[in-house]
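The next block holds one structure in the form of structure tokens; read it before the comments.
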Amino acid sequence: MSTPNPNVSAAIYSPDGALIASGFHNRKLSPDHAEVIAIKGAQSLAHGATMVVSLEPCAHTGTTSPCTQAIIDAGIVKVIYAVSDPNPIAAGGAQVLKSAGIEVEHINSAQLEFIQRAWLHKVATNKPLMIWKVATTLDAKVAASDSTSQWITGAQSREDVQLLRAQSDAILIGTNTAIVDNPHLIPRGHSARPVRIICGEQEVAATNQVFDKEARTVLVKSKSIPDLMSMLTEEGFNQVLVEAGPTFGSALLASGNINELIMYQAPKVLGGGKDFVSNLGISTLDDHLELELLSVERCGSDIKSHYAVKGR
């Protein structure tokens with residue numbers, strides 16, 4: 001994970017198109033940005049080569065020196081980048097490279113912009129991208145009338161959730177979920193260790209799985225959503241996966257802090273039980289929350305639907 005930085009990858013190619021070296025930014029392994037890692041891998045072969053990078057190279061001194069200067073010093077003659085850097089502190093790298101006589105080409109990529117959307121959202125709003133994950137029946141129930149809920153969805157959906165966790169900087173749950181489900185929140189089959197965040201005023205037993213040493217756990221002992229969002233902003237998270245129940249998830253949605261919804265729907269009908277969303281304070285159709293369908297796919301027998309909440 002690269003938080004609070006963006007996820008960036010870079011590759012260096014010889015004049016005849018052969019791959020010389022590549023790199024990606026992983027803050028846990030090194031402060032070096034992707035461009036610098038690729039240049040170190042290419043060594044003298046970078047001279048006269050072309051660099052392809054997912055994000056416009058930075059032009060400022062922060063934790064590291066500007067990537068633009070590393071590119072200039074390496075003798076790279078052409079840079080192709082996919083996503084422009086909107087960060088006012090680091091932007092302007094393309095112009096710096098052009099001024100140094102390096103050919104620069106911007107080939108916009110909607111796919112890479114989508115992959116980078118959490119960081120882009122944070123730069124634009126100063127808040128992390130908040131994704132609410134829910135698993136429901138076809139009639140939108142997350143639990144039966146007797147509160148049983150494991151397992152509504154199938155094994156393939158549950159494995160897909162592990163990838164969602166691994167792609168996130170933090171996983172957020174409420175104290176009720178922590179107490180009732182006793183989740184571990186560690187992505188199975190992945191090396192990523194997102195921060196585990198528990199929000200609420202109920203006491204959670206110190207013996208619960210979420211307090212083991214496999215990842216950092218943060219307690220926000222408050223029901224105040226502004227307090228929670230302030231903490232998430234201060235941490236610099238790019239993406240937070242919300243695995244909360246209906247009450248907490250709905251409160252985040254109603255407060256305008258859920259940006260995306262990922263729903264796994266199982267081919268089951270209960271006809272009663274607990275709805276995935278509770279009262280949002282909406283009494284007329286005109287006040288509805290409008291969602292944009294981003295993608296839909298099959299997960300075993302389940303359907304995974306990914307939505308953006310419009311206007312957020």
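By order of appearance in the structure tokens: chains A, B, ..., then residues from 1 within every chain, and ligands from 1 in the order shown.
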Quick one: pick out all alpha helix (DSSP H) residues within region 36-271 of chain A from a backbone DSSP run and write them as a PDB file with N, CA, C and O atoms, in the first residue's frame.
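The resulting file, states32.pdb, is shown below:
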```pdb
ATOM      1  N   VAL A  36      11.604   6.228  -9.709  1.00  0.00           N
ATOM      2  CA  VAL A  36      12.966   6.067  -9.185  1.00  0.00           C
ATOM      3  C   VAL A  36      13.324   4.584  -9.076  1.00  0.00           C
ATOM      4  O   VAL A  36      14.460   4.180  -9.392  1.00  0.00           O
ATOM      5  N   ILE A  37      12.374   3.764  -8.651  1.00  0.00           N
ATOM      6  CA  ILE A  37      12.625   2.327  -8.557  1.00  0.00           C
ATOM      7  C   ILE A  37      12.950   1.750  -9.936  1.00  0.00           C
ATOM      8  O   ILE A  37      13.883   0.948 -10.093  1.00  0.00           O
ATOM      9  N   ALA A  38      12.188   2.177 -10.948  1.00  0.00           N
ATOM     10  CA  ALA A  38      12.445   1.696 -12.317  1.00  0.00           C
ATOM     11  C   ALA A  38      13.811   2.166 -12.815  1.00  0.00           C
ATOM     12  O   ALA A  38      14.556   1.401 -13.446  1.00  0.00           O
ATOM     13  N   ILE A  39      14.157   3.417 -12.526  1.00  0.00           N
ATOM     14  CA  ILE A  39      15.452   3.959 -12.962  1.00  0.00           C
ATOM     15  C   ILE A  39      16.597   3.211 -12.297  1.00  0.00           C
ATOM     16  O   ILE A  39      17.609   2.884 -12.939  1.00  0.00           O
ATOM     17  N   LYS A  40      16.453   2.930 -11.009  1.00  0.00           N
ATOM     18  CA  LYS A  40      17.508   2.170 -10.313  1.00  0.00           C
ATOM     19  C   LYS A  40      17.659   0.775 -10.914  1.00  0.00           C
ATOM     20  O   LYS A  40      18.774   0.246 -11.001  1.00  0.00           O
ATOM     21  N   GLY A  41      16.541   0.202 -11.339  1.00  0.00           N
ATOM     22  CA  GLY A  41      16.608  -1.115 -11.965  1.00  0.00           C
ATOM     23  C   GLY A  41      17.244  -1.080 -13.339  1.00  0.00           C
ATOM     24  O   GLY A  41      17.958  -2.007 -13.739  1.00  0.00           O
ATOM     25  N   ALA A  42      17.014   0.000 -14.057  1.00  0.00           N
ATOM     26  CA  ALA A  42      17.566   0.121 -15.423  1.00  0.00           C
ATOM     27  C   ALA A  42      19.028   0.524 -15.418  1.00  0.00           C
ATOM     28  O   ALA A  42      19.773   0.209 -16.355  1.00  0.00           O
ATOM     29  N   CYS A  67      10.649  13.362  -8.832  1.00  0.00           N
ATOM     30  CA  CYS A  67      10.855  12.311  -9.831  1.00  0.00           C
ATOM     31  C   CYS A  67      11.297  12.905 -11.165  1.00  0.00           C
ATOM     32  O   CYS A  67      12.017  12.265 -11.925  1.00  0.00           O
ATOM     33  N   THR A  68      10.840  14.130 -11.437  1.00  0.00           N
ATOM     34  CA  THR A  68      11.238  14.779 -12.688  1.00  0.00           C
ATOM     35  C   THR A  68      12.760  14.920 -12.764  1.00  0.00           C
ATOM     36  O   THR A  68      13.356  14.680 -13.821  1.00  0.00           O
ATOM     37  N   GLN A  69      13.397  15.276 -11.647  1.00  0.00           N
ATOM     38  CA  GLN A  69      14.845  15.440 -11.670  1.00  0.00           C
ATOM     39  C   GLN A  69      15.549  14.094 -11.864  1.00  0.00           C
ATOM     40  O   GLN A  69      16.557  14.011 -12.573  1.00  0.00           O
ATOM     41  N   ALA A  70      14.997  13.052 -11.237  1.00  0.00           N
ATOM     42  CA  ALA A  70      15.577  11.712 -11.420  1.00  0.00           C
ATOM     43  C   ALA A  70      15.490  11.285 -12.884  1.00  0.00           C
ATOM     44  O   ALA A  70      16.418  10.659 -13.418  1.00  0.00           O
ATOM     45  N   ILE A  71      14.376  11.592 -13.533  1.00  0.00           N
ATOM     46  CA  ILE A  71      14.190  11.249 -14.948  1.00  0.00           C
ATOM     47  C   ILE A  71      15.171  12.018 -15.820  1.00  0.00           C
ATOM     48  O   ILE A  71      15.806  11.457 -16.728  1.00  0.00           O
ATOM     49  N   ILE A  72      15.332  13.313 -15.529  1.00  0.00           N
ATOM     50  CA  ILE A  72      16.272  14.145 -16.292  1.00  0.00           C
ATOM     51  C   ILE A  72      17.700  13.629 -16.110  1.00  0.00           C
ATOM     52  O   ILE A  72      18.449  13.459 -17.086  1.00  0.00           O
ATOM     53  N   ASP A  73      18.076  13.365 -14.862  1.00  0.00           N
ATOM     54  CA  ASP A  73      19.443  12.910 -14.576  1.00  0.00           C
ATOM     55  C   ASP A  73      19.743  11.546 -15.205  1.00  0.00           C
ATOM     56  O   ASP A  73      20.901  11.256 -15.550  1.00  0.00           O
ATOM     57  N   ALA A  74      18.703  10.712 -15.366  1.00  0.00           N
ATOM     58  CA  ALA A  74      18.904   9.367 -15.926  1.00  0.00           C
ATOM     59  C   ALA A  74      19.092   9.399 -17.439  1.00  0.00           C
ATOM     60  O   ALA A  74      19.491   8.390 -18.032  1.00  0.00           O
ATOM     61  N   GLY A  93       4.746  18.367 -13.379  1.00  0.00           N
ATOM     62  CA  GLY A  93       5.888  17.560 -13.785  1.00  0.00           C
ATOM     63  C   GLY A  93       6.080  17.482 -15.283  1.00  0.00           C
ATOM     64  O   GLY A  93       7.216  17.507 -15.784  1.00  0.00           O
ATOM     65  N   ALA A  94       4.990  17.408 -16.023  1.00  0.00           N
ATOM     66  CA  ALA A  94       5.084  17.313 -17.488  1.00  0.00           C
ATOM     67  C   ALA A  94       5.791  18.536 -18.061  1.00  0.00           C
ATOM     68  O   ALA A  94       6.652  18.416 -18.948  1.00  0.00           O
ATOM     69  N   GLN A  95       5.442  19.719 -17.550  1.00  0.00           N
ATOM     70  CA  GLN A  95       6.062  20.942 -18.063  1.00  0.00           C
ATOM     71  C   GLN A  95       7.536  21.020 -17.697  1.00  0.00           C
ATOM     72  O   GLN A  95       8.369  21.476 -18.493  1.00  0.00           O
ATOM     73  N   VAL A  96       7.880  20.557 -16.506  1.00  0.00           N
ATOM     74  CA  VAL A  96       9.290  20.538 -16.094  1.00  0.00           C
ATOM     75  C   VAL A  96      10.099  19.662 -17.039  1.00  0.00           C
ATOM     76  O   VAL A  96      11.206  20.031 -17.463  1.00  0.00           O
ATOM     77  N   LEU A  97       9.557  18.502 -17.376  1.00  0.00           N
ATOM     78  CA  LEU A  97      10.259  17.588 -18.285  1.00  0.00           C
ATOM     79  C   LEU A  97      10.385  18.186 -19.681  1.00  0.00           C
ATOM     80  O   LEU A  97      11.440  18.085 -20.323  1.00  0.00           O
ATOM     81  N   LYS A  98       9.322  18.820 -20.153  1.00  0.00           N
ATOM     82  CA  LYS A  98       9.376  19.464 -21.477  1.00  0.00           C
ATOM     83  C   LYS A  98      10.430  20.563 -21.509  1.00  0.00           C
ATOM     84  O   LYS A  98      11.173  20.711 -22.491  1.00  0.00           O
ATOM     85  N   SER A  99      10.494  21.327 -20.428  1.00  0.00           N
ATOM     86  CA  SER A  99      11.476  22.417 -20.357  1.00  0.00           C
ATOM     87  C   SER A  99      12.907  21.897 -20.370  1.00  0.00           C
ATOM     88  O   SER A  99      13.834  22.616 -20.753  1.00  0.00           O
ATOM     89  N   ALA A 110      -8.971   6.018 -18.953  1.00  0.00           N
ATOM     90  CA  ALA A 110     -10.112   5.981 -18.035  1.00  0.00           C
ATOM     91  C   ALA A 110      -9.963   4.846 -17.038  1.00  0.00           C
ATOM     92  O   ALA A 110     -10.351   4.970 -15.861  1.00  0.00           O
ATOM     93  N   GLN A 111      -9.372   3.735 -17.476  1.00  0.00           N
ATOM     94  CA  GLN A 111      -9.189   2.587 -16.592  1.00  0.00           C
ATOM     95  C   GLN A 111      -8.237   2.919 -15.447  1.00  0.00           C
ATOM     96  O   GLN A 111      -8.507   2.611 -14.283  1.00  0.00           O
ATOM     97  N   LEU A 112      -7.127   3.585 -15.772  1.00  0.00           N
ATOM     98  CA  LEU A 112      -6.165   3.926 -14.729  1.00  0.00           C
ATOM     99  C   LEU A 112      -6.704   5.037 -13.827  1.00  0.00           C
ATOM    100  O   LEU A 112      -6.407   5.067 -12.636  1.00  0.00           O
ATOM    101  N   GLU A 113      -7.497   5.944 -14.385  1.00  0.00           N
ATOM    102  CA  GLU A 113      -8.135   6.958 -13.542  1.00  0.00           C
ATOM    103  C   GLU A 113      -9.082   6.310 -12.542  1.00  0.00           C
ATOM    104  O   GLU A 113      -9.168   6.724 -11.387  1.00  0.00           O
ATOM    105  N   PHE A 114      -9.795   5.269 -12.987  1.00  0.00           N
ATOM    106  CA  PHE A 114     -10.693   4.563 -12.082  1.00  0.00           C
ATOM    107  C   PHE A 114      -9.901   3.856 -10.987  1.00  0.00           C
ATOM    108  O   PHE A 114     -10.268   3.906  -9.808  1.00  0.00           O
ATOM    109  N   ILE A 115      -8.813   3.211 -11.375  1.00  0.00           N
ATOM    110  CA  ILE A 115      -7.970   2.523 -10.391  1.00  0.00           C
ATOM    111  C   ILE A 115      -7.405   3.522  -9.374  1.00  0.00           C
ATOM    112  O   ILE A 115      -7.267   3.223  -8.191  1.00  0.00           O
ATOM    113  N   ARG A 117      -8.872   6.290  -8.463  1.00  0.00           N
ATOM    114  CA  ARG A 117      -9.944   7.205  -8.056  1.00  0.00           C
ATOM    115  C   ARG A 117      -9.926   7.550  -6.577  1.00  0.00           C
ATOM    116  O   ARG A 117     -10.325   8.652  -6.193  1.00  0.00           O
ATOM    117  N   ALA A 118      -9.487   6.628  -5.716  1.00  0.00           N
ATOM    118  CA  ALA A 118      -9.495   6.914  -4.278  1.00  0.00           C
ATOM    119  C   ALA A 118      -8.549   8.062  -3.963  1.00  0.00           C
ATOM    120  O   ALA A 118      -8.905   9.003  -3.235  1.00  0.00           O
ATOM    121  N   TRP A 119      -7.355   8.004  -4.494  1.00  0.00           N
ATOM    122  CA  TRP A 119      -6.386   9.084  -4.251  1.00  0.00           C
ATOM    123  C   TRP A 119      -6.842  10.377  -4.905  1.00  0.00           C
ATOM    124  O   TRP A 119      -6.726  11.462  -4.314  1.00  0.00           O
ATOM    125  N   LEU A 120      -7.375  10.294  -6.116  1.00  0.00           N
ATOM    126  CA  LEU A 120      -7.881  11.487  -6.792  1.00  0.00           C
ATOM    127  C   LEU A 120      -9.019  12.126  -5.996  1.00  0.00           C
ATOM    128  O   LEU A 120      -9.115  13.351  -5.892  1.00  0.00           O
ATOM    129  N   HIS A 121      -9.882  11.277  -5.422  1.00  0.00           N
ATOM    130  CA  HIS A 121     -10.977  11.772  -4.582  1.00  0.00           C
ATOM    131  C   HIS A 121     -10.430  12.480  -3.348  1.00  0.00           C
ATOM    132  O   HIS A 121     -10.922  13.550  -2.952  1.00  0.00           O
ATOM    133  N   LYS A 122      -9.407  11.896  -2.741  1.00  0.00           N
ATOM    134  CA  LYS A 122      -8.830  12.499  -1.538  1.00  0.00           C
ATOM    135  C   LYS A 122      -8.210  13.853  -1.848  1.00  0.00           C
ATOM    136  O   LYS A 122      -8.348  14.810  -1.074  1.00  0.00           O
ATOM    137  N   VAL A 123      -7.516  13.947  -2.982  1.00  0.00           N
ATOM    138  CA  VAL A 123      -6.912  15.224  -3.367  1.00  0.00           C
ATOM    139  C   VAL A 123      -7.988  16.285  -3.567  1.00  0.00           C
ATOM    140  O   VAL A 123      -7.840  17.441  -3.167  1.00  0.00           O
ATOM    141  N   ALA A 124      -9.126  15.876  -4.171  1.00  0.00           N
ATOM    142  CA  ALA A 124     -10.195  16.823  -4.483  1.00  0.00           C
ATOM    143  C   ALA A 124     -11.009  17.234  -3.263  1.00  0.00           C
ATOM    144  O   ALA A 124     -11.491  18.370  -3.175  1.00  0.00           O
ATOM    145  N   THR A 125     -11.179  16.317  -2.294  1.00  0.00           N
ATOM    146  CA  THR A 125     -12.105  16.564  -1.176  1.00  0.00           C
ATOM    147  C   THR A 125     -11.435  16.605   0.197  1.00  0.00           C
ATOM    148  O   THR A 125     -12.075  16.993   1.168  1.00  0.00           O
ATOM    149  N   ALA A 155     -19.218 -18.781  -1.259  1.00  0.00           N
ATOM    150  CA  ALA A 155     -17.768 -18.754  -1.019  1.00  0.00           C
ATOM    151  C   ALA A 155     -17.044 -17.814  -1.973  1.00  0.00           C
ATOM    152  O   ALA A 155     -16.093 -17.123  -1.583  1.00  0.00           O
ATOM    153  N   GLN A 156     -17.479 -17.758  -3.230  1.00  0.00           N
ATOM    154  CA  GLN A 156     -16.780 -16.914  -4.208  1.00  0.00           C
ATOM    155  C   GLN A 156     -16.931 -15.435  -3.869  1.00  0.00           C
ATOM    156  O   GLN A 156     -15.984 -14.662  -4.004  1.00  0.00           O
ATOM    157  N   SER A 157     -18.109 -15.041  -3.412  1.00  0.00           N
ATOM    158  CA  SER A 157     -18.301 -13.651  -2.990  1.00  0.00           C
ATOM    159  C   SER A 157     -17.431 -13.328  -1.791  1.00  0.00           C
ATOM    160  O   SER A 157     -16.820 -12.257  -1.711  1.00  0.00           O
ATOM    161  N   ARG A 158     -17.352 -14.262  -0.863  1.00  0.00           N
ATOM    162  CA  ARG A 158     -16.554 -14.009   0.330  1.00  0.00           C
ATOM    163  C   ARG A 158     -15.066 -13.917   0.000  1.00  0.00           C
ATOM    164  O   ARG A 158     -14.331 -13.148   0.638  1.00  0.00           O
ATOM    165  N   GLU A 159     -14.624 -14.657  -0.989  1.00  0.00           N
ATOM    166  CA  GLU A 159     -13.241 -14.536  -1.434  1.00  0.00           C
ATOM    167  C   GLU A 159     -13.002 -13.196  -2.122  1.00  0.00           C
ATOM    168  O   GLU A 159     -11.943 -12.585  -1.972  1.00  0.00           O
ATOM    169  N   ASP A 160     -13.993 -12.733  -2.867  1.00  0.00           N
ATOM    170  CA  ASP A 160     -13.870 -11.440  -3.538  1.00  0.00           C
ATOM    171  C   ASP A 160     -13.743 -10.315  -2.518  1.00  0.00           C
ATOM    172  O   ASP A 160     -13.026  -9.337  -2.743  1.00  0.00           O
ATOM    173  N   VAL A 161     -14.411 -10.447  -1.399  1.00  0.00           N
ATOM    174  CA  VAL A 161     -14.320  -9.448  -0.335  1.00  0.00           C
ATOM    175  C   VAL A 161     -12.895  -9.365   0.209  1.00  0.00           C
ATOM    176  O   VAL A 161     -12.425  -8.287   0.585  1.00  0.00           O
ATOM    177  N   GLN A 162     -12.184 -10.482   0.219  1.00  0.00           N
ATOM    178  CA  GLN A 162     -10.797 -10.461   0.695  1.00  0.00           C
ATOM    179  C   GLN A 162      -9.940  -9.550  -0.182  1.00  0.00           C
ATOM    180  O   GLN A 162      -9.058  -8.843   0.317  1.00  0.00           O
ATOM    181  N   LEU A 163     -10.215  -9.554  -1.490  1.00  0.00           N
ATOM    182  CA  LEU A 163      -9.485  -8.662  -2.395  1.00  0.00           C
ATOM    183  C   LEU A 163      -9.854  -7.209  -2.119  1.00  0.00           C
ATOM    184  O   LEU A 163      -8.980  -6.324  -2.114  1.00  0.00           O
ATOM    185  N   LEU A 164     -11.133  -6.937  -1.894  1.00  0.00           N
ATOM    186  CA  LEU A 164     -11.566  -5.573  -1.541  1.00  0.00           C
ATOM    187  C   LEU A 164     -10.843  -5.084  -0.292  1.00  0.00           C
ATOM    188  O   LEU A 164     -10.393  -3.940  -0.215  1.00  0.00           O
ATOM    189  N   ARG A 165     -10.744  -5.956   0.695  1.00  0.00           N
ATOM    190  CA  ARG A 165     -10.034  -5.592   1.918  1.00  0.00           C
ATOM    191  C   ARG A 165      -8.568  -5.274   1.634  1.00  0.00           C
ATOM    192  O   ARG A 165      -8.016  -4.295   2.143  1.00  0.00           O
ATOM    193  N   ALA A 166      -7.944  -6.119   0.838  1.00  0.00           N
ATOM    194  CA  ALA A 166      -6.527  -5.946   0.537  1.00  0.00           C
ATOM    195  C   ALA A 166      -6.266  -4.660  -0.243  1.00  0.00           C
ATOM    196  O   ALA A 166      -5.176  -4.087  -0.158  1.00  0.00           O
ATOM    197  N   THR A 175     -19.175  -0.842  16.673  1.00  0.00           N
ATOM    198  CA  THR A 175     -18.951  -1.694  17.842  1.00  0.00           C
ATOM    199  C   THR A 175     -19.923  -2.881  17.873  1.00  0.00           C
ATOM    200  O   THR A 175     -19.547  -3.970  18.328  1.00  0.00           O
ATOM    201  N   ASN A 176     -21.136  -2.687  17.361  1.00  0.00           N
ATOM    202  CA  ASN A 176     -22.098  -3.796  17.382  1.00  0.00           C
ATOM    203  C   ASN A 176     -21.627  -4.943  16.494  1.00  0.00           C
ATOM    204  O   ASN A 176     -21.713  -6.118  16.875  1.00  0.00           O
ATOM    205  N   THR A 177     -21.098  -4.608  15.318  1.00  0.00           N
ATOM    206  CA  THR A 177     -20.553  -5.638  14.431  1.00  0.00           C
ATOM    207  C   THR A 177     -19.371  -6.336  15.094  1.00  0.00           C
ATOM    208  O   THR A 177     -19.222  -7.559  15.002  1.00  0.00           O
ATOM    209  N   ALA A 178     -18.531  -5.561  15.760  1.00  0.00           N
ATOM    210  CA  ALA A 178     -17.364  -6.142  16.438  1.00  0.00           C
ATOM    211  C   ALA A 178     -17.791  -7.128  17.516  1.00  0.00           C
ATOM    212  O   ALA A 178     -17.187  -8.195  17.678  1.00  0.00           O
ATOM    213  N   ILE A 179     -18.857  -6.787  18.243  1.00  0.00           N
ATOM    214  CA  ILE A 179     -19.318  -7.632  19.348  1.00  0.00           C
ATOM    215  C   ILE A 179     -20.051  -8.867  18.839  1.00  0.00           C
ATOM    216  O   ILE A 179     -19.785  -9.996  19.282  1.00  0.00           O
ATOM    217  N   VAL A 180     -20.977  -8.674  17.907  1.00  0.00           N
ATOM    218  CA  VAL A 180     -21.829  -9.776  17.445  1.00  0.00           C
ATOM    219  C   VAL A 180     -21.078 -10.742  16.537  1.00  0.00           C
ATOM    220  O   VAL A 180     -21.177 -11.963  16.684  1.00  0.00           O
ATOM    221  N   ASP A 181     -20.306 -10.220  15.587  1.00  0.00           N
ATOM    222  CA  ASP A 181     -19.652 -11.069  14.581  1.00  0.00           C
ATOM    223  C   ASP A 181     -18.226 -11.470  14.968  1.00  0.00           C
ATOM    224  O   ASP A 181     -17.691 -12.435  14.422  1.00  0.00           O
ATOM    225  N   ILE A 225     -20.121  11.158  13.732  1.00  0.00           N
ATOM    226  CA  ILE A 225     -19.553  10.941  12.398  1.00  0.00           C
ATOM    227  C   ILE A 225     -18.527  12.020  12.046  1.00  0.00           C
ATOM    228  O   ILE A 225     -17.480  11.698  11.463  1.00  0.00           O
ATOM    229  N   PRO A 226     -18.754  13.300  12.387  1.00  0.00           N
ATOM    230  CA  PRO A 226     -17.691  14.292  12.140  1.00  0.00           C
ATOM    231  C   PRO A 226     -16.378  13.938  12.828  1.00  0.00           C
ATOM    232  O   PRO A 226     -15.301  14.128  12.249  1.00  0.00           O
ATOM    233  N   ASP A 227     -16.442  13.431  14.064  1.00  0.00           N
ATOM    234  CA  ASP A 227     -15.214  13.018  14.758  1.00  0.00           C
ATOM    235  C   ASP A 227     -14.523  11.881  14.011  1.00  0.00           C
ATOM    236  O   ASP A 227     -13.294  11.858  13.864  1.00  0.00           O
ATOM    237  N   LEU A 228     -15.323  10.920  13.546  1.00  0.00           N
ATOM    238  CA  LEU A 228     -14.774   9.796  12.795  1.00  0.00           C
ATOM    239  C   LEU A 228     -14.112  10.273  11.514  1.00  0.00           C
ATOM    240  O   LEU A 228     -12.974   9.890  11.218  1.00  0.00           O
ATOM    241  N   MET A 229     -14.808  11.112  10.750  1.00  0.00           N
ATOM    242  CA  MET A 229     -14.271  11.573   9.474  1.00  0.00           C
ATOM    243  C   MET A 229     -13.017  12.418   9.677  1.00  0.00           C
ATOM    244  O   MET A 229     -12.088  12.372   8.860  1.00  0.00           O
ATOM    245  N   SER A 230     -12.974  13.155  10.759  1.00  0.00           N
ATOM    246  CA  SER A 230     -11.770  13.937  11.067  1.00  0.00           C
ATOM    247  C   SER A 230     -10.575  13.019  11.295  1.00  0.00           C
ATOM    248  O   SER A 230      -9.466  13.277  10.809  1.00  0.00           O
ATOM    249  N   MET A 231     -10.793  11.927  12.019  1.00  0.00           N
ATOM    250  CA  MET A 231      -9.717  10.972  12.262  1.00  0.00           C
ATOM    251  C   MET A 231      -9.248  10.332  10.965  1.00  0.00           C
ATOM    252  O   MET A 231      -8.044  10.203  10.711  1.00  0.00           O
ATOM    253  N   LEU A 232     -10.204   9.924  10.109  1.00  0.00           N
ATOM    254  CA  LEU A 232      -9.847   9.282   8.847  1.00  0.00           C
ATOM    255  C   LEU A 232      -9.048  10.232   7.957  1.00  0.00           C
ATOM    256  O   LEU A 232      -8.108   9.823   7.270  1.00  0.00           O
ATOM    257  N   THR A 233      -9.421  11.507   7.978  1.00  0.00           N
ATOM    258  CA  THR A 233      -8.706  12.507   7.192  1.00  0.00           C
ATOM    259  C   THR A 233      -7.296  12.715   7.727  1.00  0.00           C
ATOM    260  O   THR A 233      -6.328  12.782   6.954  1.00  0.00           O
ATOM    261  N   GLU A 234      -7.173  12.804   9.042  1.00  0.00           N
ATOM    262  CA  GLU A 234      -5.854  12.999   9.656  1.00  0.00           C
ATOM    263  C   GLU A 234      -4.922  11.830   9.366  1.00  0.00           C
ATOM    264  O   GLU A 234      -3.708  12.016   9.217  1.00  0.00           O
ATOM    265  N   GLU A 235      -5.472  10.628   9.276  1.00  0.00           N
ATOM    266  CA  GLU A 235      -4.663   9.439   8.984  1.00  0.00           C
ATOM    267  C   GLU A 235      -4.154   9.439   7.542  1.00  0.00           C
ATOM    268  O   GLU A 235      -3.192   8.751   7.221  1.00  0.00           O
ATOM    269  N   PRO A 246     -26.585  -2.217   9.176  1.00  0.00           N
ATOM    270  CA  PRO A 246     -27.548  -1.250   8.639  1.00  0.00           C
ATOM    271  C   PRO A 246     -27.580   0.085   9.367  1.00  0.00           C
ATOM    272  O   PRO A 246     -27.677   1.137   8.719  1.00  0.00           O
ATOM    273  N   THR A 247     -27.498   0.085  10.684  1.00  0.00           N
ATOM    274  CA  THR A 247     -27.627   1.337  11.438  1.00  0.00           C
ATOM    275  C   THR A 247     -26.450   2.269  11.176  1.00  0.00           C
ATOM    276  O   THR A 247     -26.626   3.440  10.797  1.00  0.00           O
ATOM    277  N   PHE A 248     -25.236   1.760  11.361  1.00  0.00           N
ATOM    278  CA  PHE A 248     -24.037   2.587  11.175  1.00  0.00           C
ATOM    279  C   PHE A 248     -23.832   2.922   9.697  1.00  0.00           C
ATOM    280  O   PHE A 248     -23.549   4.067   9.335  1.00  0.00           O
ATOM    281  N   GLY A 249     -24.003   1.925   8.826  1.00  0.00           N
ATOM    282  CA  GLY A 249     -23.830   2.173   7.398  1.00  0.00           C
ATOM    283  C   GLY A 249     -24.820   3.202   6.878  1.00  0.00           C
ATOM    284  O   GLY A 249     -24.464   4.084   6.084  1.00  0.00           O
ATOM    285  N   SER A 250     -26.063   3.106   7.324  1.00  0.00           N
ATOM    286  CA  SER A 250     -27.087   4.056   6.890  1.00  0.00           C
ATOM    287  C   SER A 250     -26.794   5.460   7.402  1.00  0.00           C
ATOM    288  O   SER A 250     -27.049   6.456   6.711  1.00  0.00           O
ATOM    289  N   ALA A 251     -26.265   5.557   8.621  1.00  0.00           N
ATOM    290  CA  ALA A 251     -25.909   6.872   9.166  1.00  0.00           C
ATOM    291  C   ALA A 251     -24.805   7.518   8.336  1.00  0.00           C
ATOM    292  O   ALA A 251     -24.846   8.725   8.057  1.00  0.00           O
ATOM    293  N   LEU A 252     -23.824   6.727   7.920  1.00  0.00           N
ATOM    294  CA  LEU A 252     -22.761   7.253   7.060  1.00  0.00           C
ATOM    295  C   LEU A 252     -23.318   7.656   5.697  1.00  0.00           C
ATOM    296  O   LEU A 252     -22.936   8.689   5.132  1.00  0.00           O
ATOM    297  N   LEU A 253     -24.245   6.853   5.176  1.00  0.00           N
ATOM    298  CA  LEU A 253     -24.856   7.160   3.886  1.00  0.00           C
ATOM    299  C   LEU A 253     -25.684   8.441   3.966  1.00  0.00           C
ATOM    300  O   LEU A 253     -25.572   9.324   3.108  1.00  0.00           O
ATOM    301  N   ALA A 254     -26.500   8.564   5.008  1.00  0.00           N
ATOM    302  CA  ALA A 254     -27.358   9.736   5.170  1.00  0.00           C
ATOM    303  C   ALA A 254     -26.553  11.012   5.393  1.00  0.00           C
ATOM    304  O   ALA A 254     -26.986  12.104   5.007  1.00  0.00           O
TER     305      ALA A 254
END
```
If we count only C-alpha atoms and set the cut-off at 6 Å, which residues sit around Gly200 (chain A), ignoring sequence neighbours fewer than 2 positions away in its own chain? Please answer as a ChimeraX atom specification.
/A:174-175,202,221-223
Taking 3 positions as the minimum chain separation for residues in the same chain, which residues sit within 6 Å of Val309 (chain A) when counting only C-alpha atoms? Answer as a list in words.
Asn259, Glu260 and Leu291 of chain A
Next, dump the selected residues to file, keeping only all heavy atoms, as a tab-separated table (two decimals), in the first residue's frame.
```tsv
chain	number	residue	atom	x	y	z
A	259	ASN	N	-19.38	7.06	-0.57
A	259	ASN	CA	-19.19	7.43	-1.98
A	259	ASN	C	-19.57	6.31	-2.94
A	259	ASN	O	-20.03	6.58	-4.05
A	259	ASN	CB	-17.73	7.81	-2.23
A	259	ASN	CG	-17.24	8.86	-1.27
A	259	ASN	OD1	-16.46	8.54	-0.37
A	259	ASN	ND2	-17.69	10.10	-1.43
A	260	GLU	N	-19.37	5.07	-2.50
A	260	GLU	CA	-19.68	3.93	-3.37
A	260	GLU	C	-20.32	2.82	-2.55
A	260	GLU	O	-20.09	2.70	-1.33
A	260	GLU	CB	-18.40	3.40	-4.04
A	260	GLU	CG	-17.76	4.39	-5.00
A	260	GLU	CD	-16.49	3.87	-5.65
A	260	GLU	OE1	-16.16	2.68	-5.48
A	260	GLU	OE2	-15.83	4.65	-6.35
A	291	LEU	N	-28.01	6.46	-7.51
A	291	LEU	CA	-26.77	5.72	-7.68
A	291	LEU	C	-26.49	5.50	-9.16
A	291	LEU	O	-27.41	5.40	-9.98
A	291	LEU	CB	-26.85	4.36	-6.98
A	291	LEU	CG	-27.30	4.34	-5.52
A	291	LEU	CD1	-27.28	2.91	-4.99
A	291	LEU	CD2	-26.43	5.24	-4.66
```
